[in-house]
file final_8.cif (mmCIF, C-alpha atoms)
data_structure
#
loop_
_atom_site.label_atom_id
_atom_site.label_comp_id
_atom_site.auth_asym_id
_atom_site.auth_seq_id
_atom_site.Cartn_x
_atom_site.Cartn_y
_atom_site.Cartn_z
CA MET A 1 -34.41 -2.87 -0.55
CA ASN A 2 -34.78 -3.03 -4.31
CA CYS A 3 -32.32 -1.77 -6.89
CA ASN A 4 -34.32 1.37 -7.51
CA GLU A 5 -34.04 2.35 -3.85
CA LEU A 6 -30.32 1.62 -3.82
CA ARG A 7 -29.37 3.63 -6.90
CA GLU A 8 -28.72 6.84 -5.06
CA TYR A 9 -26.28 5.10 -2.73
CA TYR A 10 -23.93 3.57 -5.33
CA GLU A 11 -21.55 6.53 -5.31
CA LEU A 12 -21.50 6.68 -1.51
CA PHE A 13 -20.70 2.98 -1.48
CA ALA A 14 -17.93 3.41 -4.06
CA ILE A 15 -16.10 6.04 -2.01
CA GLY A 16 -16.64 4.22 1.28
CA VAL A 17 -19.18 6.45 3.02
CA ALA A 18 -22.43 4.50 2.55
CA GLU A 19 -24.09 3.73 5.86
CA GLU A 20 -26.28 0.91 7.09
CA PRO A 21 -28.60 -0.56 5.97
CA GLU A 22 -27.77 0.60 2.43
CA ARG A 23 -24.16 -0.62 2.59
CA SER A 24 -25.14 -4.19 3.45
CA GLU A 25 -28.00 -4.13 0.97
CA ILE A 26 -25.73 -3.11 -1.91
CA ARG A 27 -23.21 -5.72 -0.86
CA ALA A 28 -25.92 -8.38 -0.84
CA HIS A 29 -27.04 -7.35 -4.33
CA LEU A 30 -23.45 -7.52 -5.56
CA ASN A 31 -22.95 -10.91 -3.96
CA ARG A 32 -25.88 -12.29 -5.89
CA LYS A 33 -24.55 -10.70 -9.09
CA CYS A 34 -27.48 -8.30 -9.43
CA GLU A 35 -26.90 -6.84 -12.89
CA VAL A 36 -28.47 -3.48 -12.10
CA CYS A 37 -26.39 -2.93 -8.99
CA MET A 38 -23.21 -4.31 -10.59
CA ALA A 39 -23.59 -1.82 -13.44
CA GLY A 40 -24.38 1.05 -11.09
CA VAL A 41 -21.49 0.37 -8.72
CA LYS A 42 -19.10 -0.05 -11.65
CA LYS A 43 -20.06 3.39 -12.92
CA ALA A 44 -19.61 4.79 -9.44
CA LEU A 45 -16.18 3.14 -9.14
CA GLU A 46 -15.29 4.64 -12.49
CA MET A 47 -15.98 8.10 -11.17
CA ALA A 48 -14.07 7.30 -7.96
CA ALA A 49 -11.06 6.29 -10.08
CA MET A 50 -11.29 9.57 -11.96
CA VAL A 51 -11.28 11.50 -8.68
CA GLY A 52 -8.25 9.53 -7.56
CA SER A 53 -6.41 10.29 -10.77
CA ALA A 54 -6.83 14.01 -10.10
CA ALA A 55 -4.42 14.05 -7.16
CA ASP A 56 -1.59 16.51 -7.72
CA ALA A 57 1.10 14.81 -9.77
CA ALA A 58 4.13 13.71 -7.76
CA GLN A 59 7.26 11.83 -8.76
CA PRO A 60 8.40 8.78 -6.80
CA SER A 61 12.11 8.15 -6.36
CA SER A 62 13.86 6.52 -9.28
CA LYS A 63 14.68 3.50 -7.12
CA LEU A 64 11.07 2.60 -6.45
CA ARG A 65 10.56 0.81 -9.75
CA GLN A 66 13.57 -1.43 -9.18
CA ARG A 67 12.51 -2.04 -5.59
CA ILE A 68 9.05 -3.19 -6.66
CA LEU A 69 10.37 -5.47 -9.37
CA ALA A 70 12.95 -6.91 -7.00
CA SER A 71 10.35 -7.57 -4.32
CA ALA A 72 8.27 -9.47 -6.87
CA GLY A 73 11.29 -11.57 -7.74
CA VAL A 74 11.79 -9.88 -11.11
CA GLU A 75 15.38 -9.30 -12.14
CA THR A 76 15.86 -5.83 -13.60
CA ARG A 77 17.96 -4.92 -16.61
CA GLY A 78 21.49 -3.85 -15.84
CA PHE A 79 21.60 -5.64 -12.52
CA ARG A 80 24.80 -7.62 -12.67
CA TRP A 81 24.27 -10.06 -9.82
CA THR A 82 21.49 -12.50 -9.29
CA PRO A 83 18.97 -11.38 -6.66
CA VAL A 84 19.98 -14.30 -4.45
CA TRP A 85 23.61 -13.30 -4.46
CA ALA A 86 22.72 -9.65 -3.94
CA MET A 87 20.46 -10.56 -1.04
CA ALA A 88 23.08 -12.84 0.48
CA THR A 89 25.62 -10.05 0.34
CA ALA A 90 23.15 -7.57 1.76
CA LEU A 91 22.36 -9.87 4.63
CA SER A 92 25.99 -10.59 5.22
CA LEU A 93 26.64 -6.87 5.49
CA ALA A 94 23.57 -6.35 7.65
CA GLY A 95 24.79 -9.11 9.92
CA ALA A 96 28.17 -7.43 10.16
CA VAL A 97 26.50 -4.15 11.03
CA TYR A 98 24.18 -5.77 13.55
CA PHE A 99 26.83 -7.67 15.39
CA GLY A 100 29.15 -4.73 15.05
CA ILE A 101 26.67 -2.49 16.80
CA GLN A 102 26.32 -5.02 19.59
CA ALA A 103 30.04 -5.09 20.13
CA ARG A 104 30.84 -1.49 19.47
CA ARG A 105 31.75 -0.84 23.08
CA ASP A 106 34.72 -3.01 22.35
CA ALA A 107 37.12 -0.72 20.56
CA GLY A 108 39.01 -3.49 18.80
CA GLU A 109 35.83 -5.00 17.46
CA THR A 110 34.64 -1.65 16.29
CA GLN A 111 37.81 -1.22 14.30
CA ARG A 112 37.33 -4.62 12.73
CA ILE A 113 33.74 -3.86 11.84
CA ARG A 114 34.77 -0.58 10.29
CA ALA A 115 37.34 -2.41 8.21
CA GLU A 116 34.73 -4.92 7.07
CA MET A 117 32.31 -2.18 6.23
CA GLY A 118 35.01 -0.44 4.26
CA LEU A 119 35.67 -3.58 2.23
CA GLN A 120 31.99 -3.92 1.49
CA ASN A 121 31.58 -0.33 0.35
CA ASP A 122 32.70 -0.87 -3.23
CA GLU A 123 30.37 -3.81 -3.65
CA MET A 124 27.45 -1.87 -2.26
CA ARG A 125 27.68 0.71 -5.03
CA ALA A 126 26.71 -1.94 -7.55
CA GLN A 127 23.57 -3.07 -5.85
CA GLY A 128 20.82 -0.60 -6.69
CA ALA A 129 17.79 -1.39 -4.57
CA GLU A 130 19.78 -3.24 -1.95
CA ILE A 131 21.97 -0.28 -1.18
CA THR A 132 18.89 1.77 -0.46
CA ARG A 133 17.72 -0.84 1.97
CA LEU A 134 21.05 -0.98 3.70
CA THR A 135 21.23 2.79 3.95
CA GLU A 136 17.87 2.72 5.62
CA ALA A 137 19.08 0.02 7.99
CA PHE A 138 22.19 2.05 8.81
CA ALA A 139 20.11 5.13 9.49
CA ILE A 140 17.96 3.22 11.94
CA LEU A 141 20.83 1.41 13.62
CA ASN A 142 22.88 4.54 14.05
CA GLY A 143 20.09 6.91 15.09
CA PRO A 144 20.83 8.31 18.55
CA ASP A 145 17.16 7.97 19.47
CA THR A 146 16.81 4.40 18.19
CA LYS A 147 15.25 1.99 20.66
CA GLU A 148 15.83 -1.76 20.41
CA ALA A 149 14.01 -4.85 21.55
CA ALA A 150 15.14 -8.45 21.45
CA PHE A 151 13.08 -11.52 20.71
CA GLY A 152 13.52 -15.22 20.97
CA GLY A 153 16.45 -15.08 23.36
CA ALA A 154 14.95 -17.32 26.01
CA ARG A 155 13.46 -19.86 23.68
CA PRO A 156 15.11 -23.16 22.94
CA ARG A 157 14.11 -22.85 19.30
CA PRO A 158 14.59 -19.53 17.60
CA PRO A 159 13.80 -17.37 15.51
CA ARG A 160 15.71 -14.82 17.42
CA GLY A 161 17.16 -11.40 16.80
CA LYS A 162 16.32 -7.78 17.40
CA VAL A 163 14.12 -4.98 16.21
CA PHE A 164 15.26 -1.38 16.13
CA LEU A 165 12.74 1.47 16.17
CA ASN A 166 13.63 5.01 15.25
CA PRO A 167 10.96 7.72 15.49
CA THR A 168 11.88 9.34 12.19
CA GLN A 169 13.58 6.56 10.20
CA GLY A 170 11.37 3.54 10.79
CA VAL A 171 11.65 -0.03 12.01
CA LEU A 172 14.41 -2.54 11.26
CA LEU A 173 14.12 -6.24 11.99
CA ILE A 174 17.09 -8.59 11.91
CA ALA A 175 16.45 -12.25 12.59
CA SER A 176 18.21 -15.56 12.43
CA ASN A 177 16.91 -19.12 12.46
CA LEU A 178 13.80 -18.00 10.62
CA PRO A 179 13.11 -20.70 8.02
CA PRO A 180 11.87 -19.47 4.63
CA ALA A 181 8.11 -19.08 4.53
CA PRO A 182 6.38 -21.87 2.60
CA LEU A 183 5.45 -21.58 -1.07
CA GLY A 184 2.78 -18.94 -1.60
CA LYS A 185 3.43 -17.38 1.79
CA LEU A 186 5.59 -14.57 3.07
CA TYR A 187 6.39 -13.07 6.42
CA GLU A 188 4.54 -9.89 7.36
CA MET A 189 5.79 -7.52 10.03
CA TRP A 190 3.36 -5.69 12.32
CA VAL A 191 3.83 -2.67 14.50
CA ILE A 192 1.43 -2.98 17.41
CA PRO A 193 0.49 0.24 19.24
CA ARG A 194 -0.50 0.17 22.89
CA GLY A 195 -4.24 -0.47 22.99
CA GLY A 196 -4.48 -0.43 19.21
CA ARG A 197 -4.69 -2.82 16.30
CA PRO A 198 -1.59 -4.08 14.54
CA VAL A 199 -0.42 -1.91 11.66
CA ALA A 200 0.99 -3.77 8.67
CA ALA A 201 4.67 -2.96 8.22
CA GLY A 202 5.61 -4.75 5.04
CA MET A 203 6.35 -8.25 3.82
CA PHE A 204 9.60 -10.13 3.48
CA GLN A 205 11.13 -13.53 2.96
CA SER A 206 14.01 -15.05 4.86
CA GLN A 207 17.08 -16.62 3.30
CA PRO A 208 17.70 -20.37 3.00
CA ASP A 209 20.11 -20.10 5.94
CA GLY A 210 17.32 -18.61 8.08
CA SER A 211 18.62 -15.06 8.18
CA ALA A 212 16.37 -12.12 7.44
CA MET A 213 16.46 -8.37 7.42
CA HIS A 214 13.42 -6.19 6.89
CA VAL A 215 13.08 -2.42 6.95
CA ARG A 216 9.87 -0.44 7.29
CA ARG A 217 10.72 3.13 6.46
CA GLY A 218 8.90 6.20 7.75
CA ALA A 219 8.03 7.80 11.02
CA VAL A 220 6.91 5.57 13.85
CA ASP A 221 5.55 6.55 17.24
CA VAL A 222 8.06 4.55 19.27
CA GLU A 223 6.73 5.55 22.68
CA SER A 224 3.23 4.31 21.90
CA THR A 225 4.48 1.08 20.30
CA ASN A 226 3.83 -1.98 22.41
CA ALA A 227 5.47 -4.63 20.26
CA VAL A 228 6.71 -5.61 16.84
CA ALA A 229 5.50 -8.96 15.58
CA VAL A 230 5.87 -11.20 12.54
CA THR A 231 3.31 -13.60 11.14
CA VAL A 232 3.13 -15.86 8.09
CA GLU A 233 0.61 -14.53 5.56
CA ASN A 234 -0.42 -15.12 1.98
CA GLN A 235 1.79 -13.41 -0.58
CA ALA A 236 -0.78 -10.71 -1.18
CA GLY A 237 -0.53 -9.65 2.43
CA ALA A 238 -3.20 -9.24 5.08
CA ASP A 239 -4.80 -6.21 6.64
CA GLN A 240 -4.65 -7.83 10.06
CA PRO A 241 -2.67 -10.86 11.27
CA THR A 242 -4.32 -14.16 10.36
CA SER A 243 -1.91 -16.50 12.12
CA GLU A 244 -0.11 -16.80 15.40
CA PRO A 245 3.00 -14.63 15.46
CA LEU A 246 6.34 -16.37 15.06
CA ILE A 247 8.10 -13.35 16.44
CA VAL A 248 6.98 -10.94 19.13
CA ALA A 249 9.45 -8.30 20.28
CA ALA A 250 8.02 -6.41 23.22
CA VAL A 251 9.11 -2.78 23.10
CA PRO A 252 9.97 -1.54 26.57
CA SER A 253 7.97 1.52 27.54
CA GLY A 254 9.71 4.66 28.66
CA ALA A 255 13.15 3.13 28.41
CA SER A 256 15.80 5.45 27.16
CA PRO A 257 17.23 4.82 23.73
CA ARG A 258 20.32 2.71 23.30
CA MET B 1 -13.10 12.72 -34.47
CA LEU B 2 -11.27 9.48 -35.29
CA LEU B 3 -8.42 10.05 -32.88
CA PRO B 4 -10.36 9.52 -29.61
CA ILE B 5 -11.85 6.30 -31.05
CA LEU B 6 -8.43 5.02 -32.08
CA LEU B 7 -6.99 5.91 -28.68
CA ALA B 8 -9.85 4.08 -26.95
CA ILE B 9 -9.33 0.96 -29.10
CA GLN B 10 -5.61 1.11 -28.37
CA ALA B 11 -6.31 1.42 -24.63
CA ILE B 12 -8.62 -1.61 -24.67
CA ARG B 13 -6.06 -3.71 -26.56
CA GLY B 14 -3.32 -2.50 -24.25
CA ASP B 15 -5.26 -3.45 -21.13
CA ARG B 16 -6.19 -6.86 -22.49
CA ASP B 17 -2.63 -7.70 -23.44
CA LEU B 18 -1.27 -6.40 -20.14
CA ILE B 19 -3.77 -8.35 -18.02
CA GLU B 20 -3.06 -11.57 -19.92
CA ARG B 21 0.64 -11.15 -19.36
CA LEU B 22 0.15 -10.32 -15.69
CA GLN B 23 -1.86 -13.50 -15.32
CA ARG B 24 0.92 -15.48 -17.02
CA ARG B 25 3.31 -13.93 -14.46
CA ASP B 26 5.32 -12.27 -17.22
CA PRO B 27 7.86 -10.16 -15.30
CA GLN B 28 7.87 -7.47 -17.98
CA ALA B 29 4.14 -7.02 -17.48
CA LEU B 30 4.73 -5.84 -13.93
CA ALA B 31 7.37 -3.43 -15.19
CA GLU B 32 4.96 -2.14 -17.82
CA LEU B 33 2.18 -1.82 -15.26
CA TYR B 34 4.47 0.29 -13.11
CA ASP B 35 5.59 2.39 -16.06
CA ARG B 36 1.99 3.12 -17.01
CA PHE B 37 0.52 3.73 -13.59
CA GLY B 38 3.32 4.06 -11.06
CA ARG B 39 3.34 7.83 -10.95
CA LEU B 40 -0.46 8.02 -10.78
CA VAL B 41 -0.57 5.50 -7.94
CA TYR B 42 2.21 7.28 -6.06
CA SER B 43 0.51 10.66 -6.47
CA LEU B 44 -2.76 9.34 -5.09
CA ILE B 45 -1.14 7.58 -2.14
CA LEU B 46 1.06 10.56 -1.32
CA ARG B 47 -2.00 12.81 -1.33
CA VAL B 48 -3.55 10.54 1.30
CA VAL B 49 -0.61 9.75 3.60
CA ARG B 50 1.50 12.92 3.00
CA ASP B 51 4.78 11.13 3.68
CA THR B 52 7.04 10.17 0.81
CA ALA B 53 8.67 7.17 2.52
CA ILE B 54 5.37 5.68 3.61
CA ALA B 55 3.87 6.45 0.20
CA GLU B 56 6.61 4.47 -1.53
CA ASP B 57 6.12 1.52 0.81
CA LEU B 58 2.41 1.57 0.07
CA VAL B 59 3.00 1.85 -3.69
CA GLN B 60 5.13 -1.29 -3.40
CA GLU B 61 2.39 -3.09 -1.47
CA THR B 62 -0.18 -1.98 -4.05
CA PHE B 63 1.73 -3.33 -7.03
CA LEU B 64 2.56 -6.59 -5.25
CA ARG B 65 -1.08 -7.03 -4.32
CA VAL B 66 -2.20 -6.50 -7.90
CA TRP B 67 0.61 -8.75 -9.18
CA ASN B 68 -0.56 -11.51 -6.86
CA ARG B 69 -4.28 -11.07 -7.47
CA SER B 70 -4.40 -10.44 -11.20
CA GLN B 71 -5.99 -13.85 -11.82
CA GLY B 72 -9.28 -12.34 -10.64
CA LEU B 73 -9.33 -9.78 -13.44
CA ASP B 74 -11.30 -10.44 -16.60
CA ALA B 75 -8.68 -10.32 -19.35
CA GLU B 76 -11.25 -9.50 -22.02
CA ARG B 77 -13.13 -6.79 -20.17
CA GLY B 78 -10.99 -5.89 -17.16
CA SER B 79 -9.93 -2.31 -16.41
CA VAL B 80 -6.59 -2.61 -14.71
CA GLY B 81 -5.96 1.11 -14.12
CA PRO B 82 -9.11 1.88 -12.12
CA TRP B 83 -8.62 -1.33 -10.12
CA LEU B 84 -5.03 -0.42 -9.35
CA LEU B 85 -6.12 3.03 -8.16
CA ALA B 86 -8.84 1.52 -5.97
CA VAL B 87 -6.34 -0.87 -4.39
CA ALA B 88 -3.92 2.03 -3.91
CA ARG B 89 -6.52 4.19 -2.23
CA ASN B 90 -7.56 1.30 -0.01
CA ARG B 91 -3.99 0.69 1.11
CA ALA B 92 -3.47 4.36 1.85
CA ILE B 93 -6.76 4.88 3.68
CA ASP B 94 -6.23 1.65 5.56
CA TYR B 95 -2.82 2.87 6.69
CA LEU B 96 -4.25 6.24 7.70
CA ARG B 97 -7.07 4.69 9.68
CA SER B 98 -4.83 2.14 11.37
CA ALA B 99 -2.26 4.78 12.28
CA ALA B 100 -4.99 6.94 13.78
CA GLY B 101 -6.59 4.00 15.62
CA ARG B 102 -9.80 4.36 13.62
CA GLU B 103 -12.04 1.48 12.59
CA ARG B 104 -11.86 0.38 8.98
CA ASN B 105 -14.88 0.39 6.68
CA ALA B 106 -14.14 -3.20 5.87
CA VAL B 107 -17.06 -3.81 3.55
CA GLU B 108 -16.11 -1.17 1.01
CA PHE B 109 -12.46 -2.10 1.19
CA GLU B 110 -13.15 -5.71 0.39
CA GLU B 111 -15.45 -4.77 -2.45
CA THR B 112 -13.05 -2.37 -4.07
CA ASP B 113 -10.24 -4.89 -3.83
CA HIS B 114 -12.42 -7.24 -5.79
CA PRO B 115 -11.31 -7.13 -9.42
CA ALA B 116 -14.56 -8.50 -10.84
CA LEU B 117 -16.19 -5.10 -10.33
CA PHE B 118 -13.56 -3.45 -12.46
CA CYS B 119 -14.54 -4.35 -15.99
CA ASP B 120 -16.24 -2.69 -18.93
CA MET B 121 -15.15 0.71 -17.74
CA GLU B 122 -14.47 3.55 -20.15
CA PRO B 123 -11.01 2.71 -21.52
CA ASP B 124 -9.57 6.19 -21.29
CA ILE B 125 -10.81 7.57 -17.98
CA LEU B 126 -7.27 7.96 -16.65
CA ARG B 127 -6.05 9.91 -19.67
CA SER B 128 -4.47 13.23 -18.79
CA ASP B 129 -7.14 15.36 -20.45
CA LYS B 130 -9.80 13.58 -18.38
CA THR B 131 -7.73 14.12 -15.29
CA ARG B 132 -7.60 17.83 -16.00
CA ARG B 133 -11.38 17.87 -16.33
CA VAL B 134 -11.74 16.18 -12.95
CA ARG B 135 -9.41 18.72 -11.34
CA ALA B 136 -11.39 21.55 -12.89
CA ALA B 137 -14.65 20.00 -11.70
CA MET B 138 -13.26 19.67 -8.17
CA GLU B 139 -12.12 23.28 -8.25
CA LYS B 140 -15.57 24.41 -9.24
CA LEU B 141 -17.15 22.82 -6.19
CA ALA B 142 -18.15 25.16 -3.36
CA PRO B 143 -15.57 25.02 -0.53
CA ASN B 144 -17.79 22.97 1.80
CA TYR B 145 -18.53 20.44 -0.95
CA ARG B 146 -14.87 20.26 -1.86
CA GLU B 147 -13.98 19.66 1.75
CA VAL B 148 -16.40 16.77 2.21
CA MET B 149 -15.07 15.19 -0.98
CA HIS B 150 -11.54 15.58 0.31
CA LEU B 151 -12.40 14.14 3.74
CA ALA B 152 -14.27 11.20 2.22
CA TYR B 153 -11.97 10.37 -0.63
CA PHE B 154 -8.53 11.32 0.59
CA GLU B 155 -8.90 10.87 4.35
CA GLY B 156 -11.40 8.02 4.37
CA LEU B 157 -13.71 9.61 6.92
CA SER B 158 -17.24 8.32 7.36
CA GLN B 159 -20.07 10.84 7.19
CA SER B 160 -20.34 10.83 10.99
CA GLU B 161 -16.60 11.47 11.31
CA MET B 162 -16.87 14.29 8.80
CA ALA B 163 -19.73 15.87 10.76
CA LYS B 164 -17.64 15.75 13.92
CA ARG B 165 -14.53 17.11 12.21
CA MET B 166 -16.44 19.95 10.56
CA GLY B 167 -18.65 20.70 13.55
CA GLN B 168 -21.78 20.30 11.42
CA PRO B 169 -24.96 18.27 11.92
CA LEU B 170 -24.80 14.83 10.32
CA GLY B 171 -27.79 15.60 8.10
CA THR B 172 -26.06 18.68 6.72
CA VAL B 173 -22.92 16.73 5.91
CA LYS B 174 -24.94 14.00 4.20
CA THR B 175 -26.59 16.63 2.03
CA TRP B 176 -23.24 18.18 1.19
CA VAL B 177 -21.75 14.80 0.22
CA ARG B 178 -24.65 13.98 -2.07
CA THR B 179 -24.64 17.42 -3.63
CA ALA B 180 -20.89 17.30 -4.17
CA LEU B 181 -21.14 13.92 -5.85
CA LYS B 182 -24.02 15.04 -8.04
CA SER B 183 -22.14 18.18 -9.07
CA LEU B 184 -19.11 16.12 -10.01
CA ARG B 185 -21.21 13.63 -11.89
CA ASP B 186 -22.97 16.38 -13.84
CA GLU B 187 -19.73 18.15 -14.56
CA LEU B 188 -18.00 14.98 -15.77
CA GLY B 189 -21.01 13.59 -17.58
CA VAL B 190 -20.87 10.27 -15.73
CA ALA B 191 -24.30 8.64 -15.73
CA VAL B 192 -23.90 6.73 -12.50
CA THR B 193 -27.45 5.89 -11.59
CA SER B 194 -29.01 5.74 -15.03
#
call {"tool": "encode", "arguments": {"input": "final_8.cif", "output": "structure tokens"}}
result
Amino acid sequence: MNCNELREYYELFAIGVAEEPERSEIRAHLNRKCEVCMAGVKKALEMAAMVGSAADAAQPSSKLRQRILASAGVETRGFRWTPVWAMATALSLAGAVYFGIQARRDAGETQRIRAEMGLQNDEMRAQGAEITRLTEAFAILNGPDTKEAAFGGARPRPPRGKVFLNPTQGVLLIASNLPPAPLGKLYEMWVIPRGGRPVAAGMFQSQPDGSAMHVRRGAVDVESTNAVAVTVENQAGADQPTSEPLIVAAVPSGASPR
Amino acid sequence: MLLPILLAIQAIRGDRDLIERLQRRDPQALAELYDRFGRLVYSLILRVVRDTAIAEDLVQETFLRVWNRSQGLDAERGSVGPWLLAVARNRAIDYLRSAAGRERNAVEFEETDHPALFCDMEPDILRSDKTRRVRAAMEKLAPNYREVMHLAYFEGLSQSEMAKRMGQPLGTVKTWVRTALKSLRDELGVAVTS
């Protein structure tokens, strides 16, 4: 098809509803840097951006900015500790919570964990984004309808740990013996529905000591979830896994919550 | 008369400076990018996914993606705002389609992630007065046209999926989509196919 025939499809292409063969034709023209089609699609994308900007104004939480900057490795003003120290403390607390939950049937242990958590409380107040993350982790861990799944237990070489899934709070992953992803790479968590494609559930990095905690907030259909997996991906993230999973936690079907 | 021109020049300079700093991995550039567009990105994503927690996660993914891919932008001519919004919409639609077990329209998603297409755009298209005009133009659309625009843009449905959802013949829906787009284009004075 020539550019003249494709003109009327630029806008459909820009908003994602062009059909075949026009979609592939426009793509081919763009791939060969066709000036006419490049200009037309740019104009169409401009209008698409304008439509997007017309969504009703909403205000994100005040913590989101700090969370984004922290996840990009940018230290924010007013943050007293280095991100490494903050993360180490967060993971230390998460570890305490995790192992505390495991041992909470033991009354003495529970008391000890409570005491530890109490000591950590003051420090948590100073940690901005990290406290949010920990609150989310608490909410998932303590949810009465949280379901858990272990991974790596039978393997001679970890990573090993657990995932916790709560239908309203989200998914929490706690791992150990997970070496930091190589330069330019990060770990990406995936929630895999039964009979469906993996759904990206956020990226994270592990600590030098191999510990990691990652929270994916928001509702999750626990009953239809088959597994939670982790792969190594480029920093920008992937829409679908591009490598073999390092972690696969099979979620038991129909099992009652913890 | 001079004010819009001055604002446009300022916007171009602002974009150029911001893109250069993003490409140099200047941490403050990411903060500035968020300060300029964070609310807009969040509003768009929230409109699509309708869940504040998921919206914030996707806003984070959007900014990290742009932070990590800014090298592809043309610092002289790049339009960072429209690109950011396209990435945001892609992330949100992608989430919606994955969560619903629907196939992704991978071709468009890859194209709109591609920063090279986002250059030489009008420098002030995301200004608030323009945004108001777009809202007014959307409001003026007949209900069926408005609905197809909503289903296409904010729910990421294909024309076939729209026809099924609306219980209308595919040909009718295609006509509605085209008419809706033309009405918007006329109303906003965007010469897309010229």
call {"tool": "resolve_selection", "arguments": {"input": "final_8.cif", "expression": "the PyMOL selection byres ((chain A) within 8 of (chain B))", "output": "ChimeraX atom specification"}}
result
/A:7-8,10-17,23,27,38,40-47,49-60,64-65,67-69,71-72,74,196-200,202,216-218,235-237
call {"tool": "closest_residue", "arguments": {"input": "final_8.cif", "among": "A:Ser224, A:Ser211, A:Thr168, A:Thr231", "to": "Leu186 of chain A", "atoms": "only C-alpha atoms"}}
result
A:Thr231
call {"tool": "resolve_selection", "arguments": {"input": "final_8.cif", "expression": "the PyMOL selection byres ((chain A and resi 173) around 9)", "output": "PyMOL selection string"}}
result
chain A and resi 137+161-165+171-172+174-175+189+212-216+228
call {"tool": "resolve_selection", "arguments": {"input": "final_8.cif", "expression": "the PyMOL selection byres ((chain B and resi 17-23) around 8)", "output": "number ranges by chain"}}
result
B: 13-16, 24-27, 29-30, 32-33, 67, 70-71, 73-75, 78, 80
call {"tool": "closest_residue", "arguments": {"input": "final_8.cif", "among": "A:Tyr187, A:Pro167, A:Val248, A:Pro159", "to": "Gly143 of chain A", "atoms": "only C-alpha atoms"}}
result
A:Pro167
call {"tool": "atom_distance", "arguments": {"input": "final_8.cif", "atom1": "atom CA of Lys185 of chain A", "atom2": "atom CA of Ala150 of chain A"}}
result
24.6 Å
call {"tool": "closest_residue", "arguments": {"input": "final_8.cif", "among": "B:Ser183, B:Pro169, B:Met162, B:Pro115", "to": "Glu139 of chain B", "atoms": "only C-alpha atoms"}}
result
B:Ser183
call {"tool": "atom_distance", "arguments": {"input": "final_8.cif", "atom1": "atom CA of Ala227 of chain A", "atom2": "atom CA of Val191 of chain A"}}
result
6.3 Å
